[in-house]
$ cat model_9.txt   # compact mmCIF, C-alpha atoms
# COMPACT_ATOMS: atom_id res chain seq x y z
CA MET A 1 -68.05 -47.50 -33.17
CA MET A 2 -68.79 -48.99 -36.58
CA CYS A 3 -71.89 -47.62 -38.26
CA PHE A 4 -74.05 -49.83 -40.47
CA GLY A 5 -77.57 -49.40 -41.75
CA LEU A 6 -80.31 -49.94 -44.28
CA VAL A 7 -80.91 -47.52 -47.16
CA GLY A 8 -84.24 -47.28 -48.96
CA HIS A 9 -87.71 -47.29 -47.51
CA PRO A 10 -87.14 -48.40 -43.92
CA VAL A 11 -90.71 -48.27 -42.62
CA ALA A 12 -91.18 -52.00 -43.25
CA HIS A 13 -87.65 -53.06 -42.33
CA SER A 14 -87.37 -52.78 -38.57
CA TRP A 15 -86.68 -56.54 -38.47
CA SER A 16 -83.31 -55.90 -40.11
CA LYS A 17 -82.37 -53.52 -37.32
CA VAL A 18 -83.44 -56.04 -34.68
CA ILE A 19 -81.40 -58.89 -36.21
CA HIS A 20 -78.25 -56.81 -36.67
CA GLU A 21 -78.28 -55.07 -33.32
CA GLU A 22 -79.01 -58.32 -31.45
CA TYR A 23 -76.01 -59.94 -33.17
CA TYR A 24 -73.68 -57.04 -32.34
CA ARG A 25 -74.87 -56.90 -28.74
CA THR A 26 -74.63 -60.66 -28.20
CA ASN A 27 -71.12 -60.80 -29.66
CA GLY A 28 -69.78 -57.69 -27.94
CA ILE A 29 -69.29 -55.79 -31.20
CA ASP A 30 -69.28 -51.99 -30.97
CA ALA A 31 -71.60 -51.23 -33.87
CA SER A 32 -74.95 -49.61 -34.61
CA TYR A 33 -77.50 -50.24 -37.37
CA GLU A 34 -79.60 -47.33 -38.60
CA LEU A 35 -82.64 -47.09 -40.87
CA ILE A 36 -82.00 -44.44 -43.51
CA ASP A 37 -84.83 -43.13 -45.70
CA LEU A 38 -83.12 -42.12 -48.95
CA ALA A 39 -85.26 -39.94 -51.22
CA ASP A 40 -82.78 -39.76 -54.12
CA ILE A 41 -80.24 -42.43 -55.09
CA ASN A 42 -77.90 -39.65 -56.25
CA ASP A 43 -77.35 -38.84 -52.58
CA PHE A 44 -76.07 -42.36 -51.86
CA ARG A 45 -72.35 -41.60 -51.85
CA LYS A 46 -72.94 -38.66 -49.52
CA VAL A 47 -74.77 -40.98 -47.11
CA MET A 48 -71.88 -43.45 -47.28
CA GLU A 49 -69.43 -40.82 -46.04
CA LYS A 50 -70.73 -41.56 -42.54
CA MET A 51 -71.33 -45.31 -42.92
CA ASP A 52 -69.09 -48.39 -42.86
CA GLY A 53 -71.62 -50.54 -44.68
CA VAL A 54 -75.31 -50.66 -45.59
CA ASN A 55 -78.03 -52.90 -46.89
CA VAL A 56 -79.88 -51.49 -49.90
CA THR A 57 -83.57 -52.16 -50.31
CA ILE A 58 -86.38 -51.23 -52.70
CA PRO A 59 -86.33 -49.31 -54.95
CA TYR A 60 -82.53 -48.98 -55.21
CA LYS A 61 -81.07 -52.48 -55.68
CA LYS A 62 -80.42 -51.85 -59.39
CA SER A 63 -79.91 -48.10 -59.49
CA VAL A 64 -77.22 -48.17 -56.78
CA ILE A 65 -74.79 -50.10 -59.01
CA PRO A 66 -73.42 -47.06 -60.93
CA MET A 67 -72.67 -45.42 -57.57
CA LEU A 68 -70.20 -48.16 -56.61
CA ASP A 69 -66.46 -48.59 -57.19
CA TRP A 70 -66.53 -52.39 -57.33
CA VAL A 71 -69.27 -55.04 -57.68
CA SER A 72 -68.90 -58.77 -57.06
CA ASP A 73 -69.21 -61.13 -60.02
CA GLU A 74 -72.35 -62.68 -58.54
CA ALA A 75 -74.04 -59.30 -58.01
CA ARG A 76 -73.18 -58.30 -61.58
CA GLU A 77 -74.62 -61.55 -62.89
CA VAL A 78 -77.80 -61.01 -60.88
CA GLY A 79 -77.97 -57.34 -61.86
CA ALA A 80 -78.75 -56.13 -58.34
CA VAL A 81 -76.88 -55.13 -55.18
CA ASN A 82 -78.34 -55.26 -51.68
CA THR A 83 -75.16 -54.92 -49.59
CA VAL A 84 -72.49 -52.23 -49.82
CA VAL A 85 -69.29 -52.25 -47.75
CA LYS A 86 -66.72 -49.45 -47.56
CA ARG A 87 -63.18 -50.80 -47.92
CA ASN A 88 -60.19 -48.44 -48.09
CA GLY A 89 -62.50 -45.65 -49.16
CA CYS A 90 -64.04 -47.71 -51.98
CA LEU A 91 -67.69 -48.76 -52.10
CA CYS A 92 -67.98 -52.50 -52.77
CA GLY A 93 -71.30 -54.10 -53.77
CA TYR A 94 -72.59 -57.60 -53.10
CA ASN A 95 -75.85 -59.53 -53.35
CA THR A 96 -76.71 -61.50 -50.20
CA ASP A 97 -80.32 -61.99 -51.34
CA VAL A 98 -78.98 -64.93 -53.34
CA ALA A 99 -77.82 -66.75 -50.21
CA GLY A 100 -81.04 -65.80 -48.43
CA PHE A 101 -83.36 -67.13 -51.13
CA ARG A 102 -81.24 -70.25 -51.64
CA LYS A 103 -81.88 -71.10 -47.97
CA MET A 104 -85.58 -70.33 -48.32
CA ALA A 105 -85.90 -72.45 -51.49
CA GLU A 106 -84.40 -75.66 -50.10
CA GLY A 107 -86.33 -78.65 -51.44
CA ILE A 108 -87.80 -77.14 -54.62
CA GLU A 109 -85.12 -78.45 -56.99
CA GLY A 110 -86.53 -79.00 -60.49
CA MET A 111 -90.04 -77.72 -59.66
CA ARG A 112 -91.98 -75.54 -62.11
CA THR A 113 -91.93 -72.04 -60.64
CA LEU A 114 -93.87 -68.83 -61.19
CA VAL A 115 -92.00 -65.68 -60.13
CA LEU A 116 -94.11 -62.60 -59.44
CA GLY A 117 -92.13 -59.38 -59.92
CA ASP A 118 -89.20 -58.09 -61.94
CA GLY A 119 -87.22 -55.94 -59.49
CA GLY A 120 -83.91 -56.50 -57.74
CA ALA A 121 -85.20 -59.26 -55.48
CA ALA A 122 -86.66 -61.11 -58.47
CA GLN A 123 -83.23 -61.09 -60.14
CA ALA A 124 -81.75 -62.94 -57.16
CA VAL A 125 -84.66 -65.40 -57.21
CA LYS A 126 -84.13 -66.18 -60.90
CA HIS A 127 -80.40 -66.66 -60.35
CA VAL A 128 -81.06 -69.25 -57.64
CA LEU A 129 -83.78 -71.02 -59.64
CA CYS A 130 -81.38 -71.50 -62.54
CA GLY A 131 -78.92 -73.14 -60.16
CA LEU A 132 -81.65 -75.40 -58.79
CA GLY A 133 -82.72 -76.54 -62.25
CA CYS A 134 -86.20 -75.06 -61.84
CA PRO A 135 -88.00 -74.11 -65.06
CA PHE A 136 -89.62 -70.75 -64.38
CA ILE A 137 -91.64 -67.90 -65.80
CA CYS A 138 -91.33 -64.35 -64.47
CA VAL A 139 -94.39 -62.08 -64.52
CA THR A 140 -93.77 -58.33 -64.49
CA HIS A 141 -95.79 -55.73 -62.59
CA ALA A 142 -97.25 -54.51 -65.89
CA GLU A 143 -98.41 -58.01 -66.77
CA MET A 144 -100.01 -58.41 -63.35
CA ASP A 145 -101.95 -55.20 -63.97
CA ASP A 146 -103.59 -56.89 -66.96
CA GLY A 147 -105.51 -59.38 -64.84
CA LEU A 148 -105.22 -62.55 -62.77
CA VAL A 149 -102.12 -64.66 -63.39
CA SER A 150 -102.73 -68.38 -63.84
CA VAL A 151 -100.91 -70.80 -61.50
CA LYS A 152 -102.25 -74.00 -63.11
CA GLU A 153 -98.94 -75.07 -64.64
CA PHE A 154 -96.76 -74.43 -61.59
CA ASP A 155 -95.66 -76.21 -58.43
CA VAL A 156 -94.12 -73.15 -56.74
CA VAL A 157 -95.21 -69.51 -56.65
CA VAL A 158 -92.72 -66.87 -55.48
CA ASN A 159 -93.88 -63.39 -54.51
CA ALA A 160 -90.84 -61.25 -55.26
CA THR A 161 -92.86 -58.01 -55.10
CA PRO A 162 -93.58 -55.76 -52.11
CA ILE A 163 -97.32 -56.46 -52.52
CA GLY A 164 -98.76 -57.21 -49.10
CA MET A 165 -95.95 -55.49 -47.19
CA PHE A 166 -96.82 -53.41 -44.14
CA PRO A 167 -98.81 -51.18 -44.01
CA ASP A 168 -100.77 -52.58 -47.01
CA VAL A 169 -101.26 -55.96 -45.36
CA GLU A 170 -104.74 -56.62 -46.77
CA ILE A 171 -103.64 -56.87 -50.40
CA CYS A 172 -102.00 -59.77 -52.26
CA PRO A 173 -100.61 -60.55 -55.72
CA PRO A 174 -103.28 -61.04 -58.44
CA ILE A 175 -103.12 -64.78 -59.10
CA ASP A 176 -106.05 -67.18 -59.59
CA TYR A 177 -106.16 -68.50 -56.03
CA GLU A 178 -109.11 -70.77 -56.87
CA ASN A 179 -106.67 -72.92 -58.87
CA VAL A 180 -104.16 -73.30 -56.04
CA ARG A 181 -103.96 -76.97 -55.11
CA GLU A 182 -102.78 -78.97 -52.15
CA GLY A 183 -99.02 -79.54 -52.16
CA MET A 184 -98.10 -76.33 -53.97
CA ILE A 185 -95.44 -74.15 -52.35
CA PHE A 186 -95.85 -70.42 -51.77
CA LEU A 187 -92.65 -68.48 -51.06
CA ASP A 188 -93.17 -64.85 -50.05
CA LEU A 189 -90.13 -62.57 -49.85
CA VAL A 190 -92.21 -60.08 -47.82
CA TYR A 191 -91.40 -60.51 -44.13
CA ASN A 192 -93.49 -57.78 -42.53
CA PRO A 193 -96.05 -59.10 -41.68
CA GLU A 194 -94.65 -62.56 -41.01
CA VAL A 195 -97.83 -64.14 -42.44
CA THR A 196 -99.05 -62.24 -45.50
CA GLU A 197 -102.42 -62.37 -47.22
CA PHE A 198 -100.69 -64.20 -50.10
CA MET A 199 -99.46 -66.88 -47.70
CA ARG A 200 -102.82 -67.09 -45.93
CA ARG A 201 -104.72 -67.66 -49.16
CA GLY A 202 -102.26 -70.37 -50.16
CA MET A 203 -102.58 -72.12 -46.82
CA ASP A 204 -106.38 -71.99 -47.12
CA LYS A 205 -105.93 -74.22 -50.18
CA LYS A 206 -103.49 -76.48 -48.28
CA ALA A 207 -100.40 -75.13 -50.02
CA LYS A 208 -97.17 -74.93 -48.01
CA ALA A 209 -96.29 -71.29 -47.32
CA ILE A 210 -92.94 -69.86 -46.22
CA GLY A 211 -92.50 -66.19 -45.36
CA GLY A 212 -89.59 -63.87 -46.01
CA ILE A 213 -88.31 -63.81 -42.43
CA GLU A 214 -86.32 -66.98 -43.21
CA MET A 215 -84.63 -65.29 -46.15
CA LEU A 216 -84.11 -62.08 -44.20
CA LYS A 217 -82.26 -63.83 -41.38
CA GLU A 218 -79.99 -65.79 -43.72
CA GLN A 219 -79.02 -62.80 -45.84
CA ALA A 220 -78.55 -60.70 -42.70
CA TYR A 221 -75.97 -63.12 -41.29
CA VAL A 222 -74.12 -63.24 -44.63
CA THR A 223 -74.21 -59.43 -44.70
CA ILE A 224 -72.83 -59.19 -41.16
CA GLY A 225 -69.92 -61.38 -42.25
CA LEU A 226 -69.16 -58.96 -45.08
CA PHE A 227 -69.51 -55.93 -42.81
CA LEU A 228 -67.07 -57.34 -40.26
CA GLU A 229 -64.51 -58.57 -42.83
CA GLN A 230 -63.33 -55.02 -43.36
$ encode --input "model_9.txt" --output "structure tokens"
Amino acid sequence: MMCFGLVGHPVAHSWSKVIHEEYYRTNGIDASYELIDLADINDFRKVMEKMDGVNVTIPYKKSVIPMLDWVSDEAREVGAVNTVVKRNGCLCGYNTDVAGFRKMAEGIEGMRTLVLGDGGAAQAVKHVLCGLGCPFICVTHAEMDDGLVSVKEFDVVVNATPIGMFPDVEICPPIDYENVREGMIFLDLVYNPEVTEFMRRGMDKKAKAIGGIEMLKEQAYVTIGLFLEQ
């Protein structure tokens, strides 16, 4: 049996397990997908002794890179890895968040975009936005701590932070929601819950809101392809 999994903080990531195991079961593939709570990134290679491939989630998408033997050009350009596959004893890193967000962002070409967050997921978002010709500004966590972030000049707002993720479902990124206008687009990379407080507040102002489950599914299928290539 092949053994795959997710490394990081798995409490909010049971959807990944569902998607992977349903695919393996439906296609008659002898594989499992485990949720692995990793307390120290320095233990990553030890974990990989028993795994054929893993997804990497917060907070390790950047810090895992020095642990790897090879990293794809795209992942290096993004500066983050969310998929690691063991090939001939070597740990190979990829970024499937790019494919996932590209699917999620269909139709926003050229739109002025505000990106909330500066972690590994935000790096993939910025990479895609450059390809779509979207002028954007990225707001760091520290800048968000300074007060409400204005959305007046933007058509699209992307939440690339874990703010609002289960179990803290009542909170949302600190933007000036009173200035959200009809026709804006809210993209939330959080997928648990499927409808976040960020999305709900946008929809209350008649903005279009898309949750992270769309991105999760797309990147999961790309990841499965990489897992099974070996």
$ atom_distance --input "model_9.txt" --atom1 "CA of Gly110 in chain A" --atom2 "CA of Thr223 in chain A"
28.0 Å
$ closest_residue --input "model_9.txt" --among "A:Leu187, A:Met144, A:Val84, A:Val149" --to "Lys103 in chain A" --atoms "all atoms listed in the file"
A:Leu187
$ closest_atom_pairs --input "model_9.txt" --of "range 55-148 of chain A" --to "range 157-173 of chain A" --cutoff "7 Å" --atoms "only C-alpha atoms" --output "JSON lines"
{"residue": "A:Thr113", "atom": "CA", "partner": "A:Val157", "partner_atom": "CA", "distance": 5.8}
{"residue": "A:Leu114", "atom": "CA", "partner": "A:Val157", "partner_atom": "CA", "distance": 4.8}
{"residue": "A:Val115", "atom": "CA", "partner": "A:Val158", "partner_atom": "CA", "distance": 4.9}
{"residue": "A:Leu116", "atom": "CA", "partner": "A:Asn159", "partner_atom": "CA", "distance": 5.0}
{"residue": "A:Gly117", "atom": "CA", "partner": "A:Thr161", "partner_atom": "CA", "distance": 5.1}
{"residue": "A:Ala121", "atom": "CA", "partner": "A:Ala160", "partner_atom": "CA", "distance": 6.0}
{"residue": "A:Ala122", "atom": "CA", "partner": "A:Ala160", "partner_atom": "CA", "distance": 5.3}
$ closest_residue --input "model_9.txt" --among "A:Asp97, A:Asp43, A:Glu182, A:Asp37" --to "Val222 in chain A" --atoms "all atoms listed in the file"
A:Asp97
$ closest_residue --input "model_9.txt" --among "A:His127, A:Val64, A:Tyr24, A:Val195" --to "Gly225 in chain A" --atoms "all atoms listed in the file"
A:Tyr24
$ atom_distance --input "model_9.txt" --atom1 "CA of Trp15 in chain A" --atom2 "CA of Ala124 in chain A"
20.4 Å
$ atom_distance --input "model_9.txt" --atom1 "CA of Gly212 in chain A" --atom2 "CA of Gly147 in chain A"
25.1 Å
$ closest_residue --input "model_9.txt" --among "A:Pro66, A:Lys46, A:His20, A:Val128" --to "Val78 in chain A" --atoms "only C-alpha atoms"
A:Val128
$ residues_around --input "model_9.txt" --residues "Glu22 in chain A" --least-positions-apart "2" --cutoff "12 Å" --atoms "all atoms listed in the file" --output "CSV table (one decimal) with C-alpha atoms, in the frame of the given file"
chain,number,residue,atom,x,y,z
A,15,TRP,CA,-86.7,-56.5,-38.5
A,16,SER,CA,-83.3,-55.9,-40.1
A,17,LYS,CA,-82.4,-53.5,-37.3
A,18,VAL,CA,-83.4,-56.0,-34.7
A,19,ILE,CA,-81.4,-58.9,-36.2
A,20,HIS,CA,-78.2,-56.8,-36.7
A,24,TYR,CA,-73.7,-57.0,-32.3
A,25,ARG,CA,-74.9,-56.9,-28.7
A,26,THR,CA,-74.6,-60.7,-28.2
A,27,ASN,CA,-71.1,-60.8,-29.7
A,28,GLY,CA,-69.8,-57.7,-27.9
A,29,ILE,CA,-69.3,-55.8,-31.2
A,30,ASP,CA,-69.3,-52.0,-31.0
A,31,ALA,CA,-71.6,-51.2,-33.9
A,32,SER,CA,-75.0,-49.6,-34.6
A,33,TYR,CA,-77.5,-50.2,-37.4
A,217,LYS,CA,-82.3,-63.8,-41.4
A,220,ALA,CA,-78.6,-60.7,-42.7
A,221,TYR,CA,-76.0,-63.1,-41.3
A,224,ILE,CA,-72.8,-59.2,-41.2
$ closest_residue --input "model_9.txt" --among "A:Lys206, A:Arg76, A:Lys86, A:Arg201" --to "Val54 in chain A" --atoms "all atoms listed in the file"
A:Lys86
$ closest_residue --input "model_9.txt" --among "A:Met203, A:Met184, A:Val7, A:Met51" --to "Val81 in chain A" --atoms "only C-alpha atoms"
A:Val7
$ decode --input "model_9.txt" --residues "range 27-167 of chain A" --atoms "C-alpha atoms" --output "JSON list (two decimals), in the first residue's frame"
[["chain", "number", "residue", "atom", "x", "y", "z"],
["A", 27, "ASN", "CA", -10.14, 4.23, -8.83],
["A", 28, "GLY", "CA", -9.12, 1.02, -7.07],
["A", 29, "ILE", "CA", -5.78, 2.42, -5.91],
["A", 30, "ASP", "CA", -4.22, 0.79, -2.85],
["A", 31, "ALA", "CA", -3.29, 3.92, -0.93],
["A", 32, "SER", "CA", -4.03, 5.71, 2.34],
["A", 33, "TYR", "CA", -3.94, 9.40, 3.27],
["A", 34, "GLU", "CA", -3.03, 10.35, 6.83],
["A", 35, "LEU", "CA", -3.17, 13.63, 8.76],
["A", 36, "ILE", "CA", 0.18, 14.20, 10.46],
["A", 37, "ASP", "CA", 0.58, 16.88, 13.14],
["A", 38, "LEU", "CA", 4.23, 17.94, 12.87],
["A", 39, "ALA", "CA", 5.48, 19.96, 15.83],
["A", 40, "ASP", "CA", 8.97, 20.67, 14.44],
["A", 41, "ILE", "CA", 9.91, 21.00, 10.76],
["A", 42, "ASN", "CA", 13.32, 19.49, 11.59],
["A", 43, "ASP", "CA", 11.53, 16.16, 12.01],
["A", 44, "PHE", "CA", 10.21, 16.27, 8.43],
["A", 45, "ARG", "CA", 12.73, 13.91, 6.85],
["A", 46, "LYS", "CA", 12.13, 11.39, 9.62],
["A", 47, "VAL", "CA", 8.39, 11.51, 8.90],
["A", 48, "MET", "CA", 9.09, 10.99, 5.19],
["A", 49, "GLU", "CA", 10.87, 7.70, 5.90],
["A", 50, "LYS", "CA", 7.41, 6.13, 6.15],
["A", 51, "MET", "CA", 5.64, 8.18, 3.47],
["A", 52, "ASP", "CA", 5.52, 8.07, -0.33],
["A", 53, "GLY", "CA", 4.30, 11.65, -0.62],
["A", 54, "VAL", "CA", 2.70, 14.41, 1.44],
["A", 55, "ASN", "CA", 0.98, 17.74, 1.21],
["A", 56, "VAL", "CA", 2.56, 20.45, 3.36],
["A", 57, "THR", "CA", 0.37, 23.06, 4.99],
["A", 58, "ILE", "CA", 0.75, 26.02, 7.35],
["A", 59, "PRO", "CA", 3.17, 26.92, 8.81],
["A", 60, "TYR", "CA", 5.71, 24.88, 6.83],
["A", 61, "LYS", "CA", 5.31, 25.75, 3.13],
["A", 62, "LYS", "CA", 8.47, 27.89, 3.17],
["A", 63, "SER", "CA", 10.53, 26.24, 5.89],
["A", 64, "VAL", "CA", 10.24, 22.78, 4.31],
["A", 65, "ILE", "CA", 12.31, 23.81, 1.27],
["A", 66, "PRO", "CA", 15.77, 23.31, 2.86],
["A", 67, "MET", "CA", 14.68, 19.78, 3.82],
["A", 68, "LEU", "CA", 14.25, 18.75, 0.18],
["A", 69, "ASP", "CA", 16.64, 17.27, -2.39],
["A", 70, "TRP", "CA", 14.99, 18.87, -5.42],
["A", 71, "VAL", "CA", 12.42, 21.66, -5.95],
["A", 72, "SER", "CA", 10.55, 22.43, -9.16],
["A", 73, "ASP", "CA", 11.30, 25.70, -10.95],
["A", 74, "GLU", "CA", 7.77, 26.95, -10.31],
["A", 75, "ALA", "CA", 7.94, 26.19, -6.58],
["A", 76, "ARG", "CA", 11.30, 27.97, -6.36],
["A", 77, "GLU", "CA", 9.88, 30.98, -8.17],
["A", 78, "VAL", "CA", 6.90, 31.06, -5.80],
["A", 79, "GLY", "CA", 9.11, 30.46, -2.77],
["A", 80, "ALA", "CA", 6.83, 27.83, -1.25],
["A", 81, "VAL", "CA", 6.24, 24.08, -1.47],
["A", 82, "ASN", "CA", 2.97, 22.35, -0.63],
["A", 83, "THR", "CA", 3.57, 18.91, -2.18],
["A", 84, "VAL", "CA", 6.50, 16.57, -1.59],
["A", 85, "VAL", "CA", 6.97, 13.28, -3.45],
["A", 86, "LYS", "CA", 9.61, 10.64, -2.70],
["A", 87, "ARG", "CA", 11.32, 9.45, -5.89],
["A", 88, "ASN", "CA", 14.24, 7.01, -5.76],
["A", 89, "GLY", "CA", 14.87, 8.01, -2.17],
["A", 90, "CYS", "CA", 14.94, 11.74, -2.99],
["A", 91, "LEU", "CA", 12.40, 14.26, -1.68],
["A", 92, "CYS", "CA", 11.01, 16.36, -4.54],
["A", 93, "GLY", "CA", 9.02, 19.55, -3.90],
["A", 94, "TYR", "CA", 6.24, 21.11, -5.94],
["A", 95, "ASN", "CA", 3.64, 23.85, -5.58],
["A", 96, "THR", "CA", 0.12, 22.75, -6.58],
["A", 97, "ASP", "CA", -1.45, 25.79, -4.87],
["A", 98, "VAL", "CA", -0.63, 27.65, -8.09],
["A", 99, "ALA", "CA", -2.88, 25.39, -10.17],
["A", 100, "GLY", "CA", -5.54, 25.51, -7.46],
["A", 101, "PHE", "CA", -5.68, 29.29, -7.23],
["A", 102, "ARG", "CA", -5.49, 29.70, -11.00],
["A", 103, "LYS", "CA", -8.73, 27.67, -11.22],
["A", 104, "MET", "CA", -10.31, 29.68, -8.42],
["A", 105, "ALA", "CA", -9.32, 33.01, -10.02],
["A", 106, "GLU", "CA", -10.82, 32.39, -13.46],
["A", 107, "GLY", "CA", -12.39, 35.59, -14.77],
["A", 108, "ILE", "CA", -10.42, 38.18, -12.76],
["A", 109, "GLU", "CA", -7.85, 38.94, -15.45],
["A", 110, "GLY", "CA", -6.56, 42.52, -15.15],
["A", 111, "MET", "CA", -8.60, 43.36, -12.02],
["A", 112, "ARG", "CA", -7.11, 45.41, -9.18],
["A", 113, "THR", "CA", -6.50, 42.96, -6.35],
["A", 114, "LEU", "CA", -5.82, 43.20, -2.63],
["A", 115, "VAL", "CA", -4.02, 40.16, -1.17],
["A", 116, "LEU", "CA", -4.34, 39.65, 2.58],
["A", 117, "GLY", "CA", -1.41, 37.67, 3.99],
["A", 118, "ASP", "CA", 2.25, 37.03, 3.25],
["A", 119, "GLY", "CA", 2.72, 33.31, 3.89],
["A", 120, "GLY", "CA", 3.23, 30.39, 1.52],
["A", 121, "ALA", "CA", -0.29, 30.50, 0.11],
["A", 122, "ALA", "CA", 0.04, 34.23, -0.60],
["A", 123, "GLN", "CA", 3.18, 33.55, -2.64],
["A", 124, "ALA", "CA", 1.22, 31.24, -4.94],
["A", 125, "VAL", "CA", -1.56, 33.83, -5.21],
["A", 126, "LYS", "CA", 0.88, 36.57, -6.24],
["A", 127, "HIS", "CA", 2.49, 34.28, -8.81],
["A", 128, "VAL", "CA", -0.89, 33.64, -10.45],
["A", 129, "LEU", "CA", -1.93, 37.30, -10.32],
["A", 130, "CYS", "CA", 1.21, 38.29, -12.19],
["A", 131, "GLY", "CA", 0.31, 35.80, -14.90],
["A", 132, "LEU", "CA", -3.23, 37.18, -15.09],
["A", 133, "GLY", "CA", -2.03, 40.76, -15.46],
["A", 134, "CYS", "CA", -3.69, 41.82, -12.20],
["A", 135, "PRO", "CA", -2.14, 44.83, -10.45],
["A", 136, "PHE", "CA", -2.05, 43.94, -6.76],
["A", 137, "ILE", "CA", -0.99, 45.01, -3.31],
["A", 138, "CYS", "CA", -0.10, 42.49, -0.59],
["A", 139, "VAL", "CA", -0.85, 43.35, 3.05],
["A", 140, "THR", "CA", 1.18, 41.54, 5.70],
["A", 141, "HIS", "CA", -0.11, 40.27, 9.03],
["A", 142, "ALA", "CA", 1.80, 43.05, 10.80],
["A", 143, "GLU", "CA", 0.14, 45.68, 8.64],
["A", 144, "MET", "CA", -3.28, 44.19, 9.35],
["A", 145, "ASP", "CA", -2.55, 44.49, 13.07],
["A", 146, "ASP", "CA", -2.25, 48.27, 12.60],
["A", 147, "GLY", "CA", -5.94, 48.72, 11.78],
["A", 148, "LEU", "CA", -8.59, 48.25, 9.10],
["A", 149, "VAL", "CA", -7.29, 47.80, 5.56],
["A", 150, "SER", "CA", -9.02, 49.90, 2.90],
["A", 151, "VAL", "CA", -10.62, 48.09, -0.06],
["A", 152, "LYS", "CA", -11.76, 51.25, -1.90],
["A", 153, "GLU", "CA", -9.27, 50.95, -4.75],
["A", 154, "PHE", "CA", -9.76, 47.26, -5.45],
["A", 155, "ASP", "CA", -12.04, 44.99, -7.45],
["A", 156, "VAL", "CA", -10.91, 41.71, -5.86],
["A", 157, "VAL", "CA", -9.97, 40.86, -2.27],
["A", 158, "VAL", "CA", -8.11, 37.59, -1.59],
["A", 159, "ASN", "CA", -7.89, 36.19, 1.92],
["A", 160, "ALA", "CA", -4.64, 34.23, 1.84],
["A", 161, "THR", "CA", -4.47, 33.99, 5.64],
["A", 162, "PRO", "CA", -5.90, 31.32, 7.96],
["A", 163, "ILE", "CA", -8.13, 33.96, 9.59],
["A", 164, "GLY", "CA", -11.62, 32.53, 9.92],
["A", 165, "MET", "CA", -10.49, 28.90, 9.70],
["A", 166, "PHE", "CA", -12.12, 26.33, 11.96],
["A", 167, "PRO", "CA", -12.37, 26.49, 14.94]]
